[in-house]
$ cat start.txt   # compact mmCIF, C-alpha atoms
# COMPACT_ATOMS: atom_id res chain seq x y z
CA MET Q 1 -185.09 -64.02 6.71
CA SER Q 2 -182.40 -66.67 6.39
CA PRO Q 3 -178.79 -65.60 7.05
CA MET Q 4 -178.04 -66.58 3.45
CA ASP Q 5 -180.66 -64.25 1.91
CA LEU Q 6 -179.52 -61.01 0.28
CA PRO Q 7 -181.52 -57.81 0.95
CA LEU Q 8 -181.75 -55.45 -2.02
CA LEU Q 9 -179.52 -52.81 -0.50
CA SER Q 10 -176.21 -51.50 -1.77
CA ARG Q 11 -173.69 -48.68 -1.54
CA ARG Q 12 -170.67 -47.72 -3.59
CA ALA Q 13 -167.07 -47.32 -2.48
CA ALA Q 14 -163.75 -46.76 -4.29
CA LEU Q 15 -161.00 -49.29 -4.95
CA PHE Q 16 -157.49 -48.80 -6.26
CA GLY Q 17 -157.21 -49.48 -9.93
CA GLY Q 18 -154.52 -51.30 -11.83
CA THR Q 19 -153.05 -48.13 -13.32
CA ALA Q 20 -151.67 -45.05 -11.61
CA LEU Q 21 -153.80 -44.28 -8.58
CA ALA Q 22 -157.27 -44.27 -10.13
CA LEU Q 23 -160.18 -45.56 -8.08
CA PRO Q 24 -162.65 -47.94 -9.80
CA PRO Q 25 -165.83 -49.02 -7.98
CA LEU Q 26 -166.48 -51.68 -5.38
CA THR Q 27 -169.96 -52.95 -4.51
CA LEU Q 28 -171.02 -53.97 -1.00
CA LEU Q 29 -174.26 -55.71 -0.05
CA PRO Q 30 -175.40 -56.58 3.50
CA LEU Q 31 -175.97 -60.32 3.96
CA GLY Q 32 -178.85 -61.46 6.08
CA LYS Q 33 -180.40 -60.19 9.29
CA LEU Q 34 -177.78 -58.74 11.60
CA ALA Q 35 -177.71 -59.18 15.34
CA ARG Q 36 -176.95 -55.94 17.20
CA ALA Q 37 -176.55 -57.06 20.80
CA GLN Q 38 -174.47 -54.58 22.77
CA SER Q 39 -172.84 -57.46 24.62
CA SER Q 40 -170.78 -58.18 21.48
CA VAL Q 41 -168.92 -54.86 21.74
CA VAL Q 42 -165.66 -55.03 23.72
CA ASP Q 43 -164.31 -51.91 25.43
CA ILE Q 44 -161.04 -50.81 23.79
CA THR Q 45 -159.38 -50.27 27.18
CA ARG Q 46 -160.07 -53.91 28.03
CA ALA Q 47 -158.92 -55.09 24.59
CA ARG Q 48 -155.54 -53.38 25.12
CA THR Q 49 -154.79 -55.64 28.08
CA ASP Q 50 -156.82 -58.66 26.92
CA PRO Q 51 -156.94 -58.80 23.10
CA ILE Q 52 -160.02 -60.37 21.57
CA PRO Q 53 -159.41 -64.03 20.57
CA ILE Q 54 -160.68 -64.36 17.01
CA ALA Q 55 -160.65 -67.34 14.66
CA LEU Q 56 -159.77 -66.51 11.06
CA PRO Q 57 -160.00 -69.60 8.82
CA ASP Q 58 -159.24 -69.01 5.13
CA PHE Q 59 -162.16 -68.01 2.97
CA ALA Q 60 -163.42 -71.02 1.04
CA GLY Q 61 -163.08 -71.18 -2.74
CA ALA Q 62 -161.97 -73.39 -5.60
CA GLY Q 63 -158.83 -72.90 -7.71
CA ASP Q 64 -157.70 -69.29 -8.01
CA ALA Q 65 -160.60 -68.21 -5.82
CA GLY Q 66 -159.17 -70.28 -2.99
CA ARG Q 67 -155.80 -68.59 -3.40
CA TYR Q 68 -157.43 -65.16 -3.22
CA GLY Q 69 -159.36 -66.34 -0.16
CA ARG Q 70 -156.13 -67.26 1.61
CA ASP Q 71 -154.45 -63.99 0.63
CA ILE Q 72 -157.40 -61.85 1.74
CA MET Q 73 -157.54 -63.60 5.10
CA ARG Q 74 -153.80 -63.05 5.54
CA VAL Q 75 -154.37 -59.29 5.14
CA ILE Q 76 -157.20 -59.39 7.69
CA ALA Q 77 -155.15 -61.36 10.20
CA ASN Q 78 -152.16 -59.02 9.89
CA ASN Q 79 -154.34 -55.91 10.29
CA LEU Q 80 -156.10 -57.19 13.39
CA ARG Q 81 -152.92 -58.56 14.99
CA ASN Q 82 -150.98 -55.36 14.33
CA SER Q 83 -153.67 -53.26 15.99
CA GLY Q 84 -152.76 -54.94 19.28
CA LEU Q 85 -156.46 -55.36 20.10
CA PHE Q 86 -157.04 -58.82 18.58
CA ARG Q 87 -155.37 -62.18 19.09
CA PRO Q 88 -155.84 -64.52 16.11
CA VAL Q 89 -156.29 -68.07 17.36
CA GLU Q 90 -153.53 -70.44 16.21
CA ARG Q 91 -154.63 -72.32 13.10
CA ALA Q 92 -153.20 -75.58 14.39
CA ALA Q 93 -156.01 -75.58 16.96
CA TYR Q 94 -158.84 -75.42 14.39
CA ILE Q 95 -161.20 -78.37 14.41
CA GLN Q 96 -163.76 -77.49 11.75
CA SER Q 97 -162.48 -76.93 8.21
CA ALA Q 98 -162.76 -73.57 6.46
CA GLU Q 99 -165.08 -75.03 3.82
CA ALA Q 100 -167.43 -76.50 6.43
CA ALA Q 101 -167.41 -73.32 8.53
CA ALA Q 102 -168.32 -71.27 5.45
CA GLN Q 103 -171.40 -73.47 5.06
CA THR Q 104 -172.52 -73.65 8.70
CA PRO Q 105 -170.23 -72.89 11.65
CA ARG Q 106 -170.11 -75.64 14.29
CA PHE Q 107 -169.82 -73.25 17.21
CA GLN Q 108 -168.80 -75.80 19.82
CA ASP Q 109 -165.65 -76.47 17.78
CA TRP Q 110 -164.71 -72.79 17.99
CA ARG Q 111 -165.68 -72.33 21.64
CA VAL Q 112 -163.48 -75.19 22.76
CA ILE Q 113 -160.37 -73.57 21.23
CA GLY Q 114 -161.09 -70.27 22.98
CA ALA Q 115 -162.40 -68.19 20.07
CA GLN Q 116 -164.72 -65.35 21.05
CA ALA Q 117 -165.34 -64.26 17.46
CA LEU Q 118 -165.25 -66.15 14.17
CA VAL Q 119 -164.89 -64.94 10.59
CA THR Q 120 -166.07 -67.10 7.70
CA GLY Q 121 -166.47 -66.48 4.02
CA ARG Q 122 -166.33 -67.65 0.46
CA VAL Q 123 -164.65 -66.28 -2.67
CA GLN Q 124 -165.69 -66.73 -6.30
CA ASP Q 125 -163.55 -65.67 -9.26
CA GLN Q 126 -165.94 -64.49 -11.96
CA GLY Q 127 -163.54 -63.83 -14.80
CA GLY Q 128 -161.46 -60.97 -13.40
CA GLN Q 129 -164.04 -60.00 -10.81
CA LEU Q 130 -164.03 -61.29 -7.22
CA ARG Q 131 -167.25 -62.00 -5.35
CA VAL Q 132 -166.52 -62.27 -1.63
CA GLU Q 133 -169.07 -63.29 1.00
CA PHE Q 134 -167.95 -62.45 4.53
CA ARG Q 135 -169.61 -63.15 7.88
CA LEU Q 136 -168.65 -62.25 11.44
CA TRP Q 137 -170.00 -64.45 14.24
CA ASP Q 138 -170.22 -64.10 18.01
CA VAL Q 139 -169.28 -67.62 19.06
CA LEU Q 140 -170.85 -67.84 22.53
CA PRO Q 141 -174.46 -66.87 21.60
CA GLU Q 142 -173.98 -68.37 18.10
CA ALA Q 143 -175.12 -65.11 16.49
CA GLN Q 144 -174.20 -63.49 13.19
CA LEU Q 145 -172.99 -59.96 13.86
CA GLU Q 146 -172.25 -58.86 10.32
CA GLY Q 147 -172.57 -60.17 6.80
CA THR Q 148 -171.38 -58.46 3.64
CA LEU Q 149 -171.05 -59.29 -0.04
CA LEU Q 150 -168.21 -57.48 -1.81
CA SER Q 151 -167.50 -57.32 -5.52
CA ALA Q 152 -164.30 -55.91 -7.01
CA ALA Q 153 -161.66 -56.53 -9.66
CA THR Q 154 -159.21 -59.28 -8.76
CA ALA Q 155 -156.35 -56.75 -8.74
CA ASN Q 156 -157.96 -55.14 -5.70
CA TRP Q 157 -158.04 -58.17 -3.43
CA ARG Q 158 -155.87 -56.47 -0.79
CA ARG Q 159 -158.32 -53.65 -0.29
CA ILE Q 160 -161.15 -56.13 0.19
CA GLY Q 161 -159.13 -57.42 3.15
CA HIS Q 162 -158.77 -53.89 4.53
CA LEU Q 163 -162.49 -53.18 4.20
CA ILE Q 164 -163.41 -56.41 5.97
CA SER Q 165 -160.88 -55.61 8.71
CA ASP Q 166 -162.62 -52.28 9.28
CA VAL Q 167 -166.01 -53.99 9.57
CA ILE Q 168 -164.65 -56.41 12.18
CA TYR Q 169 -162.94 -53.62 14.14
CA GLU Q 170 -166.06 -51.45 14.22
CA ARG Q 171 -168.48 -54.26 15.07
CA LEU Q 172 -166.42 -55.70 17.91
CA LEU Q 173 -164.94 -52.47 19.34
CA GLY Q 174 -167.73 -49.99 18.61
CA GLU Q 175 -165.48 -47.50 16.77
CA LYS Q 176 -164.53 -46.92 13.15
CA GLY Q 177 -161.51 -48.80 11.89
CA TYR Q 178 -158.52 -47.34 10.06
CA PHE Q 179 -157.26 -50.13 7.80
CA ASP Q 180 -158.74 -48.92 4.49
CA THR Q 181 -156.36 -45.97 4.34
CA ARG Q 182 -153.11 -44.84 2.77
CA VAL Q 183 -150.02 -43.08 4.08
CA VAL Q 184 -147.99 -40.57 2.11
CA TYR Q 185 -144.46 -39.92 3.32
CA VAL Q 186 -140.99 -38.73 2.30
CA SER Q 187 -138.76 -41.55 1.07
CA GLU Q 188 -135.08 -40.89 1.83
CA THR Q 189 -132.04 -42.50 0.21
CA GLY Q 190 -128.35 -41.74 -0.12
CA PRO Q 191 -125.69 -40.43 2.30
CA ARG Q 192 -126.97 -38.40 5.21
CA ASP Q 193 -125.38 -35.18 3.93
CA ARG Q 194 -126.77 -35.70 0.41
CA ARG Q 195 -130.20 -37.23 0.94
CA VAL Q 196 -132.56 -37.73 -1.99
CA ARG Q 197 -136.12 -37.09 -0.83
CA ARG Q 198 -139.09 -38.32 -2.87
CA LEU Q 199 -142.80 -38.40 -2.23
CA ALA Q 200 -144.03 -41.96 -1.73
CA ILE Q 201 -147.39 -43.52 -0.94
CA MET Q 202 -148.45 -46.88 0.47
CA ASP Q 203 -151.32 -48.66 2.16
CA GLN Q 204 -151.33 -48.23 5.94
CA ASP Q 205 -149.77 -51.69 6.32
CA GLY Q 206 -146.80 -50.78 4.11
CA GLU Q 207 -147.99 -52.62 1.00
CA ASN Q 208 -148.78 -51.22 -2.49
CA HIS Q 209 -145.80 -48.88 -2.26
CA ARG Q 210 -145.32 -46.32 -5.05
CA PHE Q 211 -143.09 -43.29 -5.65
CA LEU Q 212 -144.87 -40.10 -6.68
CA THR Q 213 -141.85 -37.90 -7.48
CA ASP Q 214 -138.47 -38.78 -8.94
CA GLY Q 215 -136.18 -37.08 -6.40
CA THR Q 216 -134.95 -34.37 -8.76
CA PHE Q 217 -136.13 -31.84 -6.19
CA GLN Q 218 -136.30 -32.24 -2.42
CA VAL Q 219 -139.75 -32.58 -0.84
CA LEU Q 220 -141.02 -32.18 2.73
CA THR Q 221 -144.21 -32.30 4.84
CA PRO Q 222 -146.81 -33.94 2.58
CA ARG Q 223 -150.44 -33.66 3.77
CA PHE Q 224 -153.66 -35.26 2.47
CA HIS Q 225 -156.73 -33.43 1.22
CA PRO Q 226 -159.96 -34.53 2.99
CA ASN Q 227 -160.96 -36.41 -0.18
CA ALA Q 228 -157.69 -38.43 -0.01
CA GLN Q 229 -157.03 -37.71 -3.71
CA GLN Q 230 -154.80 -34.64 -3.42
CA ILE Q 231 -151.61 -33.93 -1.51
CA ALA Q 232 -150.08 -30.61 -0.45
CA PHE Q 233 -146.34 -30.56 0.18
CA MET Q 234 -143.27 -28.35 0.20
CA SER Q 235 -140.70 -28.69 -2.57
CA TYR Q 236 -137.35 -27.06 -3.27
CA PHE Q 237 -137.98 -26.74 -7.01
CA ARG Q 238 -135.03 -24.82 -8.49
CA ASN Q 239 -133.88 -24.20 -4.90
CA GLU Q 240 -136.98 -22.09 -4.27
CA PRO Q 241 -139.11 -23.44 -1.38
CA ARG Q 242 -142.75 -23.48 -2.49
CA VAL Q 243 -145.95 -25.29 -1.60
CA TYR Q 244 -147.18 -27.64 -4.33
CA LEU Q 245 -150.33 -29.65 -4.93
CA PHE Q 246 -150.23 -33.21 -6.29
CA ASN Q 247 -153.32 -34.88 -7.78
CA LEU Q 248 -153.23 -38.64 -7.24
CA GLU Q 249 -155.71 -39.44 -10.01
CA SER Q 250 -154.01 -37.46 -12.78
CA GLY Q 251 -150.44 -37.35 -11.46
CA ARG Q 252 -150.45 -33.60 -12.10
CA GLN Q 253 -148.29 -31.38 -9.90
CA GLU Q 254 -148.73 -27.61 -9.63
CA VAL Q 255 -147.46 -24.77 -7.47
CA LEU Q 256 -150.07 -23.39 -5.09
CA GLY Q 257 -149.17 -19.79 -5.90
CA ASN Q 258 -146.31 -17.38 -6.47
CA PHE Q 259 -146.38 -15.74 -3.08
CA ARG Q 260 -143.66 -13.55 -1.64
CA GLY Q 261 -141.06 -15.27 0.53
CA MET Q 262 -140.68 -18.96 1.32
CA THR Q 263 -143.89 -20.94 1.83
CA LEU Q 264 -143.87 -24.05 3.99
CA SER Q 265 -145.79 -26.47 6.29
CA PRO Q 266 -149.06 -26.62 4.30
CA ARG Q 267 -152.23 -28.31 5.50
CA PHE Q 268 -155.73 -28.46 4.03
CA SER Q 269 -158.76 -27.06 5.83
CA PRO Q 270 -161.32 -29.66 6.95
CA ASP Q 271 -163.71 -28.66 4.14
CA GLY Q 272 -160.92 -28.97 1.56
CA ARG Q 273 -161.50 -25.50 0.13
CA SER Q 274 -158.30 -23.85 1.34
CA VAL Q 275 -154.73 -24.47 2.46
CA ILE Q 276 -153.19 -22.95 5.57
CA LEU Q 277 -149.43 -22.45 5.48
CA SER Q 278 -146.53 -20.46 6.87
CA SER Q 279 -144.76 -17.83 4.79
CA THR Q 280 -141.45 -16.14 5.61
CA ARG Q 281 -141.31 -12.45 4.75
CA GLY Q 282 -138.49 -10.42 6.18
CA GLY Q 283 -137.27 -11.94 9.42
CA ASP Q 284 -140.64 -13.35 10.49
CA ALA Q 285 -142.85 -16.25 9.48
CA ASN Q 286 -146.62 -15.79 9.70
CA LEU Q 287 -149.64 -17.93 8.94
CA TYR Q 288 -151.75 -17.43 5.83
CA VAL Q 289 -154.80 -19.18 4.44
CA VAL Q 290 -155.04 -19.59 0.66
CA ASP Q 291 -158.40 -20.15 -1.05
CA LEU Q 292 -157.98 -22.97 -3.58
CA ALA Q 293 -160.54 -21.61 -6.03
CA SER Q 294 -159.25 -18.03 -6.28
CA ARG Q 295 -155.69 -18.60 -4.95
CA ARG Q 296 -156.12 -15.46 -2.86
CA GLU Q 297 -154.27 -15.33 0.45
CA ARG Q 298 -155.37 -13.96 3.80
CA GLN Q 299 -152.92 -13.28 6.64
CA LEU Q 300 -153.87 -14.74 10.03
CA THR Q 301 -150.94 -13.87 12.32
CA SER Q 302 -148.53 -10.95 12.54
CA GLY Q 303 -145.76 -9.56 14.71
CA GLY Q 304 -142.30 -10.78 15.62
CA GLY Q 305 -141.43 -14.45 15.69
CA LEU Q 306 -141.79 -17.60 13.62
CA ASP Q 307 -145.32 -19.04 13.37
CA VAL Q 308 -145.25 -22.45 11.63
CA SER Q 309 -146.85 -25.91 11.43
CA PRO Q 310 -150.53 -24.87 11.54
CA CYS Q 311 -153.32 -27.46 11.81
CA TYR Q 312 -157.09 -26.96 11.94
CA SER Q 313 -159.38 -28.54 14.50
CA PRO Q 314 -161.75 -31.09 12.90
CA ASP Q 315 -164.64 -28.61 12.93
CA GLY Q 316 -162.50 -25.92 11.31
CA GLN Q 317 -163.14 -23.45 14.13
CA GLN Q 318 -159.65 -23.36 15.66
CA ILE Q 319 -156.00 -23.62 14.59
CA VAL Q 320 -153.05 -24.99 16.55
CA PHE Q 321 -149.49 -23.97 15.59
CA ASN Q 322 -146.04 -23.61 17.09
CA SER Q 323 -144.28 -20.28 17.53
CA ASP Q 324 -141.32 -18.68 19.26
CA ARG Q 325 -143.24 -15.42 19.76
CA GLY Q 326 -142.80 -15.79 23.53
CA GLY Q 327 -139.04 -16.33 23.28
CA ASP Q 328 -139.15 -20.13 23.14
CA GLN Q 329 -140.83 -22.56 20.75
CA GLN Q 330 -144.26 -23.45 22.16
CA LEU Q 331 -147.76 -24.46 21.04
CA TYR Q 332 -150.56 -21.95 20.58
CA VAL Q 333 -154.24 -22.21 19.68
CA MET Q 334 -156.26 -19.46 18.03
CA ASP Q 335 -159.64 -18.98 16.40
CA ALA Q 336 -159.77 -19.84 12.70
CA GLY Q 337 -159.98 -16.15 11.83
CA GLY Q 338 -156.70 -15.44 13.57
CA GLY Q 339 -157.83 -13.93 16.88
CA ASN Q 340 -157.88 -15.08 20.51
CA VAL Q 341 -154.35 -16.54 20.51
CA ARG Q 342 -153.45 -18.48 23.68
CA ARG Q 343 -150.48 -20.62 24.63
CA ILE Q 344 -151.25 -24.24 25.58
CA SER Q 345 -147.83 -25.90 26.14
CA PHE Q 346 -146.02 -25.38 29.45
CA GLY Q 347 -143.92 -28.51 29.92
CA SER Q 348 -140.14 -28.78 30.01
CA GLY Q 349 -138.64 -28.32 26.56
CA ARG Q 350 -139.69 -26.95 23.19
CA TYR Q 351 -142.75 -28.05 21.24
CA ALA Q 352 -143.32 -28.51 17.50
CA THR Q 353 -145.36 -30.20 14.72
CA PRO Q 354 -148.77 -30.09 16.42
CA VAL Q 355 -151.65 -32.00 14.80
CA TRP Q 356 -155.26 -32.12 15.91
CA SER Q 357 -156.90 -35.53 16.37
CA PRO Q 358 -159.80 -36.28 13.98
CA ARG Q 359 -161.86 -36.87 17.14
CA GLY Q 360 -161.13 -33.33 18.34
CA ASP Q 361 -160.15 -34.49 21.82
CA LEU Q 362 -156.34 -34.39 21.59
CA ILE Q 363 -153.45 -32.52 20.01
CA ALA Q 364 -150.32 -34.54 19.26
CA PHE Q 365 -146.90 -32.88 19.28
CA THR Q 366 -143.14 -33.31 19.20
CA ARG Q 367 -141.27 -32.18 22.32
CA PHE Q 368 -137.51 -31.82 22.46
CA GLY Q 369 -134.95 -30.71 25.02
CA ARG Q 370 -131.86 -31.92 26.82
CA GLY Q 371 -133.36 -35.34 27.36
CA GLY Q 372 -133.92 -35.91 23.65
CA PHE Q 373 -137.12 -36.07 21.63
CA ALA Q 374 -140.60 -37.27 22.56
CA ILE Q 375 -143.99 -37.76 20.92
CA GLY Q 376 -146.94 -36.88 23.11
CA VAL Q 377 -150.55 -35.71 23.30
CA MET Q 378 -152.45 -33.11 25.29
CA ARG Q 379 -156.00 -31.80 25.39
CA PRO Q 380 -156.75 -28.72 23.26
CA ASP Q 381 -156.58 -26.51 26.36
CA GLY Q 382 -153.09 -27.85 27.19
CA SER Q 383 -154.15 -30.06 30.09
CA GLY Q 384 -153.50 -33.79 30.40
CA GLU Q 385 -150.12 -33.83 28.66
CA ARG Q 386 -148.82 -37.39 28.18
CA ILE Q 387 -145.63 -38.61 26.56
CA LEU Q 388 -146.20 -41.72 24.42
CA SER Q 389 -142.66 -42.46 23.22
CA GLU Q 390 -139.18 -41.03 23.65
CA GLY Q 391 -136.00 -41.43 21.63
CA TRP Q 392 -132.84 -39.95 20.19
CA GLN Q 393 -134.74 -38.07 17.50
CA MET Q 394 -138.41 -38.44 16.57
CA GLU Q 395 -140.89 -36.10 15.00
CA GLY Q 396 -143.97 -35.56 12.83
CA PRO Q 397 -146.99 -37.27 14.44
CA THR Q 398 -150.05 -37.99 12.29
CA PHE Q 399 -153.35 -39.51 13.39
CA ALA Q 400 -155.28 -42.40 11.87
CA PRO Q 401 -158.77 -41.26 10.83
CA ASN Q 402 -160.34 -42.83 13.94
CA GLY Q 403 -157.97 -40.92 16.26
CA ARG Q 404 -156.91 -44.10 18.09
CA VAL Q 405 -153.51 -44.69 16.47
CA MET Q 406 -150.66 -42.41 15.39
CA MET Q 407 -147.66 -42.67 13.12
CA TYR Q 408 -144.46 -40.62 13.32
CA TYR Q 409 -140.84 -41.12 12.34
CA ARG Q 410 -137.81 -41.82 14.47
CA GLU Q 411 -134.15 -41.58 13.55
CA SER Q 412 -131.16 -43.56 14.80
CA PRO Q 413 -127.77 -41.82 15.30
CA ALA Q 414 -124.93 -42.41 12.86
CA ARG Q 415 -121.97 -44.47 14.04
CA ASP Q 416 -119.38 -42.20 12.43
CA SER Q 417 -118.84 -38.89 10.65
CA ARG Q 418 -119.76 -40.41 7.30
CA GLY Q 419 -123.27 -41.14 8.50
CA ASN Q 420 -122.92 -44.92 8.60
CA GLY Q 421 -125.61 -46.55 10.69
CA TYR Q 422 -128.04 -43.66 10.35
CA SER Q 423 -131.64 -44.56 9.55
CA ALA Q 424 -135.08 -42.95 9.65
CA ARG Q 425 -138.13 -45.16 10.03
CA ILE Q 426 -141.88 -44.73 10.47
CA ALA Q 427 -143.42 -46.11 13.65
CA SER Q 428 -147.00 -46.43 14.88
CA ILE Q 429 -148.39 -46.36 18.41
CA ASP Q 430 -151.75 -46.46 20.16
CA ILE Q 431 -152.74 -43.15 21.81
CA ALA Q 432 -152.59 -44.95 25.17
CA GLY Q 433 -148.86 -45.45 24.58
CA PHE Q 434 -148.85 -49.18 23.88
CA ASN Q 435 -148.24 -51.35 20.80
CA GLU Q 436 -145.39 -49.28 19.39
CA ARG Q 437 -144.16 -50.93 16.21
CA GLN Q 438 -142.18 -50.14 13.06
CA VAL Q 439 -143.98 -49.71 9.75
CA VAL Q 440 -141.82 -51.41 7.13
CA THR Q 441 -140.86 -49.29 4.10
CA PRO Q 442 -138.43 -50.09 1.26
CA THR Q 443 -136.28 -47.02 2.06
CA ASP Q 444 -135.72 -44.68 4.96
CA ALA Q 445 -138.91 -42.73 5.64
CA THR Q 446 -139.91 -39.45 7.30
CA ASP Q 447 -142.87 -37.04 7.48
CA PRO Q 448 -145.76 -39.55 7.34
CA ALA Q 449 -149.31 -38.31 6.78
CA TRP Q 450 -152.32 -40.59 7.24
CA SER Q 451 -155.22 -40.36 4.78
CA PRO Q 452 -158.92 -40.30 5.69
CA LEU Q 453 -160.86 -43.54 5.17
CA LEU Q 454 -161.05 -44.22 1.45
CA ALA Q 455 -164.54 -45.74 1.25
$ encode --input "start.txt" --output "structure tokens"
Amino acid sequence: MSPMDLPLLSRRAALFGGTALALPPLTLLPLGKLARAQSSVVDITRARTDPIPIALPDFAGAGDAGRYGRDIMRVIANNLRNSGLFRPVERAAYIQSAEAAAQTPRFQDWRVIGAQALVTGRVQDQGGQLRVEFRLWDVLPEAQLEGTLLSAATANWRRIGHLISDVIYERLLGEKGYFDTRVVYVSETGPRDRRVRRLAIMDQDGENHRFLTDGTFQVLTPRFHPNAQQIAFMSYFRNEPRVYLFNLESGRQEVLGNFRGMTLSPRFSPDGRSVILSSTRGGDANLYVVDLASRRERQLTSGGGLDVSPCYSPDGQQIVFNSDRGGDQQLYVMDAGGGNVRRISFGSGRYATPVWSPRGDLIAFTRFGRGGFAIGVMRPDGSGERILSEGWQMEGPTFAPNGRVMMYYRESPARDSRGNGYSARIASIDIAGFNERQVVTPTDATDPAWSPLLA
């Protein structure tokens, strides 16, 4: 079969629509026979120290299609560069034109400028619908590694770039990407002693930013449902702390339930059928699981102390949380039913905001003490603790769906008593502790939560 032939194979995925946060369809078709040589996969550890040199000429196209081709490639280049694992080759070095490369790559022209991988493609604007052909090439053996045909509304050109970025990441690194995702967070504005906190959502690269609430009531700790279309969060509606659910498709917001005491730190179960949260009753805070269908609650912990910030393991069999039940704030793991509680944190300082990696291999946490704040990871049994970043104040780690990258927020101290100079910003970092960078948001930002892959 020629590389330009199209097999009759397709699958469906979702794309952001032009209104609200609805998700109209996107069509993907494999293009041609795909080479699967293992030699094309680069170990991520090696890519951290020696990023993959990749050539990214604009996708070919006439008129508006050419403009979309340039914009889509800009998204791809930014995604790959920001991962820290790819090094886009400088465009000034290109010898073959984008149009010619889209027809037939002249591989010697790409080898001589040091490219290990090459991306080519073509865009057609079919009256409000984009048709994008994309191909990934291994330059040295002159082999096509991937080929895909994508079709989507022109308004969704950015997400086409994210989807292609994920294909490149997975094919060259052997692991799922994380670019076709969103991040929900708390947008903060106003003086430090009178902050207005709104729910906001954006693509993982900071684009397509939207506010979900108007700031009338304070919000905290948003968390995604496994289907990426619902958010659980805490809100001080009428000064009464309650857990709420927000549906991204309808924009509807509803209270999870009228439970006794203050409810806080919600998180969905991996199967999406329940929410685990902390509820304060009397002088204690214990963990409860609430079934979403019946809204019935079941208590998981009891006794003195404050049990908060619960998070399920990816298989739903265990729960990590932080508690001061031993006299100091530490991390504990227990079975999903509430038994077999054991402490896992033993370092210097107090521990908070634990979150289980989607891979199941690590638990991220915030640690704080006299030396300030730190974001770190440890294995689920508490071994192998590593600090990834330290600062004046930082908190709230959240994993990308592939478990290779995290976001969190870090604050800078105010210069004076009025709060001048204070800021709170989201940052991202690789789990190896490299490639720490700020995620640009239009306002101050805290409490990020990374969505699952959208497709």
$ atom_distance --input "start.txt" --atom1 "CA of Leu292 (chain Q)" --atom2 "CA of Ile276 (chain Q)"
10.3 Å
$ residues_around --input "start.txt" --residues "Arg379 (chain Q)" --least-positions-apart "3" --cutoff "9 Å" --atoms "all atoms listed in the file" --output "list in words"
Ile344, Gly360, Asp361, Leu362, Ile363, Ala364, Gly382, Ser383, Gly384 and Glu385 of chain Q
$ residues_near_point --input "start.txt" --point "(-169.2, -58.9, 25.0)" --cutoff "12 Å" --atoms "all atoms listed in the file" --output "JSON, numbers by chain"
{"Q": [36, 37, 38, 39, 40, 41, 42, 43, 44, 46, 47, 52, 53, 116, 117, 138, 139, 140, 141, 145, 171, 172, 173, 174]}
$ axis_aligned_box --input "start.txt" --around "region 292-306 of chain Q" --padding-each-side "6 Å" --output "AutoDock Vina command-line options"
--center_x -151.0 --center_y -16.3 --center_z 4.7 --size_x 31.1 --size_y 25.4 --size_z 34.0
$ closest_residue --input "start.txt" --among "Q:Gly261, Q:Gly369, Q:Gly177, Q:Gly190" --to "Gln204 (chain Q)" --atoms "only C-alpha atoms"
Q:Gly177
$ residues_around --input "start.txt" --residues "Leu306 (chain Q)" --least-positions-apart "3" --cutoff "7 Å" --atoms "all atoms listed in the file" --output "list in words"
Asp284, Ala285, Asn286, Ser323, Asp324 and Arg325 of chain Q
$ closest_residue --input "start.txt" --among "Q:Ile201, Q:Val112, Q:Ile160, Q:Leu149" --to "Ile76 (chain Q)" --atoms "all atoms listed in the file"
Q:Ile160
$ residues_around --input "start.txt" --residues "Asn340 (chain Q)" --least-positions-apart "2" --cutoff "12 Å" --atoms "only C-alpha atoms" --output "PyMOL selection string"
chain Q and resi 300-301+317-320+332-338+342-343
$ residues_around --input "start.txt" --residues "Pro270 (chain Q)" --least-positions-apart "6" --cutoff "7 Å" --atoms "all atoms listed in the file" --output "PyMOL selection string"
chain Q and resi 226+314-316
$ closest_residue --input "start.txt" --among "Q:Leu256, Q:Asp125, Q:Val440, Q:Thr280" --to "Ser294 (chain Q)" --atoms "only C-alpha atoms"
Q:Leu256
$ atom_distance --input "start.txt" --atom1 "CA of Ala374 (chain Q)" --atom2 "CA of Gly396 (chain Q)"
10.4 Å
$ closest_residue --input "start.txt" --among "Q:Phe217, Q:Pro222, Q:Ser451, Q:Arg87" --to "Arg195 (chain Q)" --atoms "all atoms listed in the file"
Q:Phe217
$ closest_residue --input "start.txt" --among "Q:Arg182, Q:Arg267, Q:Arg273, Q:Arg131" --to "Leu248 (chain Q)" --atoms "only C-alpha atoms"
Q:Arg182
$ closest_residue --input "start.txt" --among "Q:Ile72, Q:Ala55, Q:Ile231, Q:Asp64" --to "Tyr94 (chain Q)" --atoms "all atoms listed in the file"
Q:Ala55
$ atom_distance --input "start.txt" --atom1 "CA of Ala352 (chain Q)" --atom2 "CA of Arg223 (chain Q)"
16.3 Å
